[in-house]
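**Student:** File my_file.cif below, mmCIF, C-alpha atoms:
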```cif
data_input
#
loop_
_atom_site.label_atom_id
_atom_site.label_comp_id
_atom_site.auth_asym_id
_atom_site.auth_seq_id
_atom_site.Cartn_x
_atom_site.Cartn_y
_atom_site.Cartn_z
CA MET A 1 -15.21 6.85 82.78
CA ALA A 2 -11.47 6.43 83.34
CA ALA A 3 -9.61 8.75 85.69
CA PRO A 4 -7.31 11.33 84.09
CA ALA A 5 -3.66 10.40 83.72
CA PRO A 6 -1.71 11.24 86.91
CA ASP A 7 0.48 13.82 85.18
CA LEU A 8 -2.61 15.76 84.11
CA VAL A 9 -4.23 15.94 87.54
CA ASP A 10 -3.96 19.23 89.48
CA ARG A 11 -2.04 20.89 86.65
CA ASP A 12 -2.14 24.67 86.49
CA THR A 13 -3.30 25.15 82.90
CA ASP A 14 -2.35 28.83 83.02
CA ALA A 15 1.31 28.10 83.79
CA PRO A 16 3.37 27.59 80.64
CA GLU A 17 5.08 24.23 80.15
CA VAL A 18 7.69 25.59 77.74
CA VAL A 19 9.07 29.13 77.56
CA LEU A 20 11.71 30.13 75.05
CA SER A 21 12.97 33.70 75.49
CA GLY A 22 15.32 35.53 73.15
CA ILE A 23 16.66 32.37 71.54
CA GLY A 24 19.49 32.95 69.08
CA LYS A 25 21.31 30.37 66.98
CA ARG A 26 23.87 31.03 64.24
CA PHE A 27 25.78 28.93 61.80
CA PRO A 28 28.74 30.18 59.73
CA GLY A 29 27.31 32.92 57.52
CA VAL A 30 23.70 32.32 58.63
CA ILE A 31 21.51 33.62 61.44
CA ALA A 32 19.06 30.73 61.91
CA ASN A 33 17.21 32.16 64.93
CA HIS A 34 17.32 35.73 66.22
CA ASP A 35 15.60 36.76 69.48
CA VAL A 36 12.86 34.10 69.23
CA ASP A 37 10.19 33.93 71.95
CA LEU A 38 7.72 31.06 72.26
CA THR A 39 5.39 30.10 75.09
CA ILE A 40 3.55 26.78 75.14
CA ARG A 41 0.78 26.12 77.63
CA PRO A 42 -0.67 22.71 78.53
CA ALA A 43 -3.33 21.22 76.26
CA THR A 44 -2.55 23.55 73.35
CA VAL A 45 -1.45 22.89 69.79
CA HIS A 46 1.07 25.09 68.01
CA ALA A 47 2.39 25.23 64.46
CA LEU A 48 5.62 26.84 63.33
CA VAL A 49 5.09 28.07 59.80
CA GLY A 50 7.60 29.64 57.46
CA GLU A 51 9.64 29.26 54.32
CA ASN A 52 12.45 26.76 53.99
CA GLY A 53 15.40 28.13 55.90
CA ALA A 54 13.27 30.25 58.25
CA GLY A 55 14.71 28.48 61.33
CA LYS A 56 11.76 26.31 62.37
CA SER A 57 13.70 23.06 62.61
CA THR A 58 16.67 24.81 64.18
CA LEU A 59 14.46 26.20 66.95
CA MET A 60 13.02 22.75 67.63
CA ARG A 61 16.50 21.24 67.64
CA VAL A 62 17.50 23.82 70.26
CA LEU A 63 14.46 22.94 72.38
CA SER A 64 15.13 19.20 72.05
CA GLY A 65 18.79 19.57 73.05
CA MET A 66 20.30 18.75 69.67
CA TYR A 67 21.74 22.26 69.29
CA ALA A 68 22.84 24.76 71.92
CA ALA A 69 21.56 28.30 71.50
CA GLU A 70 24.09 31.13 71.58
CA SER A 71 21.64 33.40 73.38
CA GLY A 72 18.39 33.26 75.24
CA ARG A 73 16.83 31.14 77.93
CA MET A 74 14.70 27.99 77.91
CA GLU A 75 12.38 26.79 80.65
CA VAL A 76 10.39 23.59 80.85
CA ASN A 77 7.83 23.36 83.65
CA GLY A 78 9.41 26.36 85.34
CA ARG A 79 12.93 24.89 85.36
CA ASP A 80 15.82 26.55 83.51
CA VAL A 81 16.95 24.01 80.92
CA THR A 82 19.08 26.33 78.79
CA GLY A 83 21.82 24.30 77.11
CA TRP A 84 20.45 20.92 78.12
CA SER A 85 21.37 17.71 76.29
CA THR A 86 19.13 15.53 74.18
CA ALA A 87 19.12 12.97 77.00
CA ASP A 88 18.02 15.66 79.48
CA ALA A 89 15.23 16.71 77.13
CA ILE A 90 14.02 13.15 76.64
CA ASP A 91 14.07 12.57 80.40
CA ALA A 92 11.81 15.65 80.75
CA GLY A 93 9.45 14.35 78.07
CA VAL A 94 10.65 16.66 75.29
CA GLY A 95 11.51 15.01 71.99
CA MET A 96 11.42 15.78 68.32
CA VAL A 97 9.78 13.93 65.45
CA HIS A 98 11.89 14.73 62.42
CA GLN A 99 10.47 15.52 59.02
CA HIS A 100 12.94 13.13 57.44
CA PHE A 101 13.55 9.72 58.97
CA MET A 102 16.56 9.64 61.22
CA LEU A 103 16.57 5.87 61.57
CA VAL A 104 19.23 3.29 60.81
CA PRO A 105 17.50 0.85 58.43
CA THR A 106 19.78 -2.09 59.25
CA LEU A 107 18.94 -1.92 62.97
CA THR A 108 15.79 -3.12 64.70
CA VAL A 109 13.09 -0.86 66.10
CA ALA A 110 14.43 -1.43 69.63
CA GLU A 111 18.01 -0.68 68.59
CA ASN A 112 16.92 2.57 66.89
CA VAL A 113 14.81 3.70 69.84
CA MET A 114 17.68 3.01 72.24
CA LEU A 115 20.40 4.74 70.17
CA GLY A 116 22.22 7.13 72.46
CA ARG A 117 20.63 5.57 75.54
CA GLU A 118 21.80 2.00 75.09
CA LEU A 119 21.00 -0.49 77.80
CA THR A 120 24.12 -2.59 78.18
CA LYS A 121 25.00 -5.85 79.84
CA GLY A 122 28.65 -6.88 79.84
CA GLY A 123 29.54 -4.08 77.41
CA GLN A 124 26.98 -5.28 74.84
CA LEU A 125 23.50 -4.01 74.04
CA ASP A 126 21.02 -5.85 76.27
CA ARG A 127 18.59 -6.61 73.42
CA THR A 128 16.15 -8.48 75.64
CA ARG A 129 15.80 -5.54 78.01
CA ALA A 130 15.72 -3.03 75.14
CA GLU A 131 12.96 -4.98 73.41
CA ARG A 132 11.04 -5.30 76.68
CA GLU A 133 11.26 -1.54 77.32
CA VAL A 134 10.26 -0.67 73.75
CA SER A 135 7.33 -3.13 74.03
CA GLU A 136 6.21 -1.32 77.18
CA LEU A 137 6.61 2.04 75.46
CA SER A 138 4.61 0.69 72.54
CA ARG A 139 1.86 -0.48 74.89
CA THR A 140 1.61 2.83 76.76
CA THR A 141 1.87 5.13 73.73
CA GLY A 142 0.17 3.14 71.00
CA LEU A 143 3.39 2.90 68.97
CA ALA A 144 2.19 -0.51 67.72
CA VAL A 145 5.46 -1.60 66.14
CA ARG A 146 7.27 -4.82 67.04
CA PRO A 147 10.64 -3.99 68.65
CA GLU A 148 12.47 -6.90 67.00
CA HIS A 149 11.54 -5.89 63.43
CA LYS A 150 14.22 -4.32 61.23
CA VAL A 151 13.44 -0.72 60.33
CA SER A 152 14.06 -1.53 56.66
CA ASP A 153 11.07 -3.92 56.77
CA LEU A 154 8.62 -1.33 58.17
CA SER A 155 5.98 0.55 56.25
CA VAL A 156 6.34 4.32 55.97
CA GLY A 157 3.66 4.79 58.63
CA GLU A 158 5.39 2.40 61.02
CA ALA A 159 8.75 4.13 60.48
CA GLN A 160 7.12 7.50 61.23
CA ARG A 161 5.80 6.12 64.52
CA VAL A 162 9.26 4.86 65.45
#
```
The structure in this file should be written as structure tokens.
**Tutor:**
Amino acid sequence: MAAPAPDLVDRDTDAPEVVLSGIGKRFPGVIANHDVDLTIRPATVHALVGENGAGKSTLMRVLSGMYAAESGRMEVNGRDVTGWSTADAIDAGVGMVHQHFMLVPTLTVAENVMLGRELTKGGQLDRTRAEREVSELSRTTGLAVRPEHKVSDLSVGEAQRV
């Protein structure tokens, strides 16, 4: 039997990985989130359920760094990450899979994955390195999509994985 992944060894399963406390987010004329608390512990599955407009996606966008909350506090693995950026969230292993594709169909898989975190060489996208890194990501996560393929040529299932 294979050994557990290193990041799962000696983990305190009682300590929460994510804690959102009193999160508030408003848009002009709309309160999207008001005083929201959420605690996520390791090896658990959660579902946010509610009507359209209930604030589910907004809360996840706050957690993933796409939006800044106006109130509240966020912690990931015990560290205060309130107001962090999308790049900070990704670096900490927090990302968001969107309900609707947020991909650029004219770009390749590698170019889409690297958007916002472009690997450059001489002021240009280093496609070779980007494709190599996405291939490695594909190998370690089971993404199973070729990095050089255009998103517009992917099946729906492949696009969801990207």
**Student:** Any chance you could work out the residue set of the PyMOL selection byres ((chain A and resi 109) around 7) here, as a list in words?
**Tutor:** Leu107, Thr108, Ala110, Glu111, Asn112, Val113, Pro147, Glu148, His149, Lys150, Val151 and Val162 of chain A
**Student:** Rounded to one decimal in Å, what is the spacing between atom CA of A:Gly24 and atom CA of A:Tyr67?
**Tutor:**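 That distance, rounded to one decimal, is 10.9 Å.
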**Student:** Counting all atoms listed in the file, which of A:Leu63, A:Leu115, A:Ile40, A:Val94 gets nearest to A:Thr82?
**Tutor:**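 Among A:Leu63, A:Leu115, A:Ile40, A:Val94, it is A:Leu63 that comes nearest to A:Thr82.
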**Student:** Excluding same-chain residues fewer than 6 positions from stretch 89-93 of chain A, what lies within 10 Å of it counting all atoms listed in the file, as a ChimeraX atom specification?
**Tutor:** /A:63-66,76-77,81
**Student:** Of the candidates A:Arg61, A:Arg41, A:Arg127, A:His98, which shows the shortest atom-to-atom distance to A:Gly78, using all atoms listed in the file?
**Tutor:**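 Answer, going by the shortest atom-to-atom distance: A:Arg41.
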**Student:** Atom CA of A:Ser71 and atom CA of A:Val49 are how many Å apart?
**Tutor:** 22.1 Å
**Student:** Grab the atom CA of A:Gly123 to atom CA of A:Thr140 distance for me, in Å with one decimal place.
**Tutor:**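 Straight-line distance from atom CA of A:Gly123 to atom CA of A:Thr140 works out to 28.8 Å.
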**Student:** Kindly indicate which residue among A:Val62, A:Ala43, A:Trp84, A:Gly72 lies nearest to A:Gly22, using all atoms listed in the file for the distances.
**Tutor:**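 Result for the nearest residue to A:Gly22: A:Gly72.
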**Student:** Under the rule that only C-alpha atoms are counted, which of A:Val97, A:Asn52, A:Val36, A:Arg146 is the nearest residue to A:Arg132?
**Tutor:**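 Smallest separation from A:Arg132 among the options: A:Arg146.
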**Student:** Mind telling me what the PyMOL selection byres ((chain A and resi 33) around 6) catches here, as a ChimeraX atom specification?
**Tutor:** /A:24-25,31-32,34,55
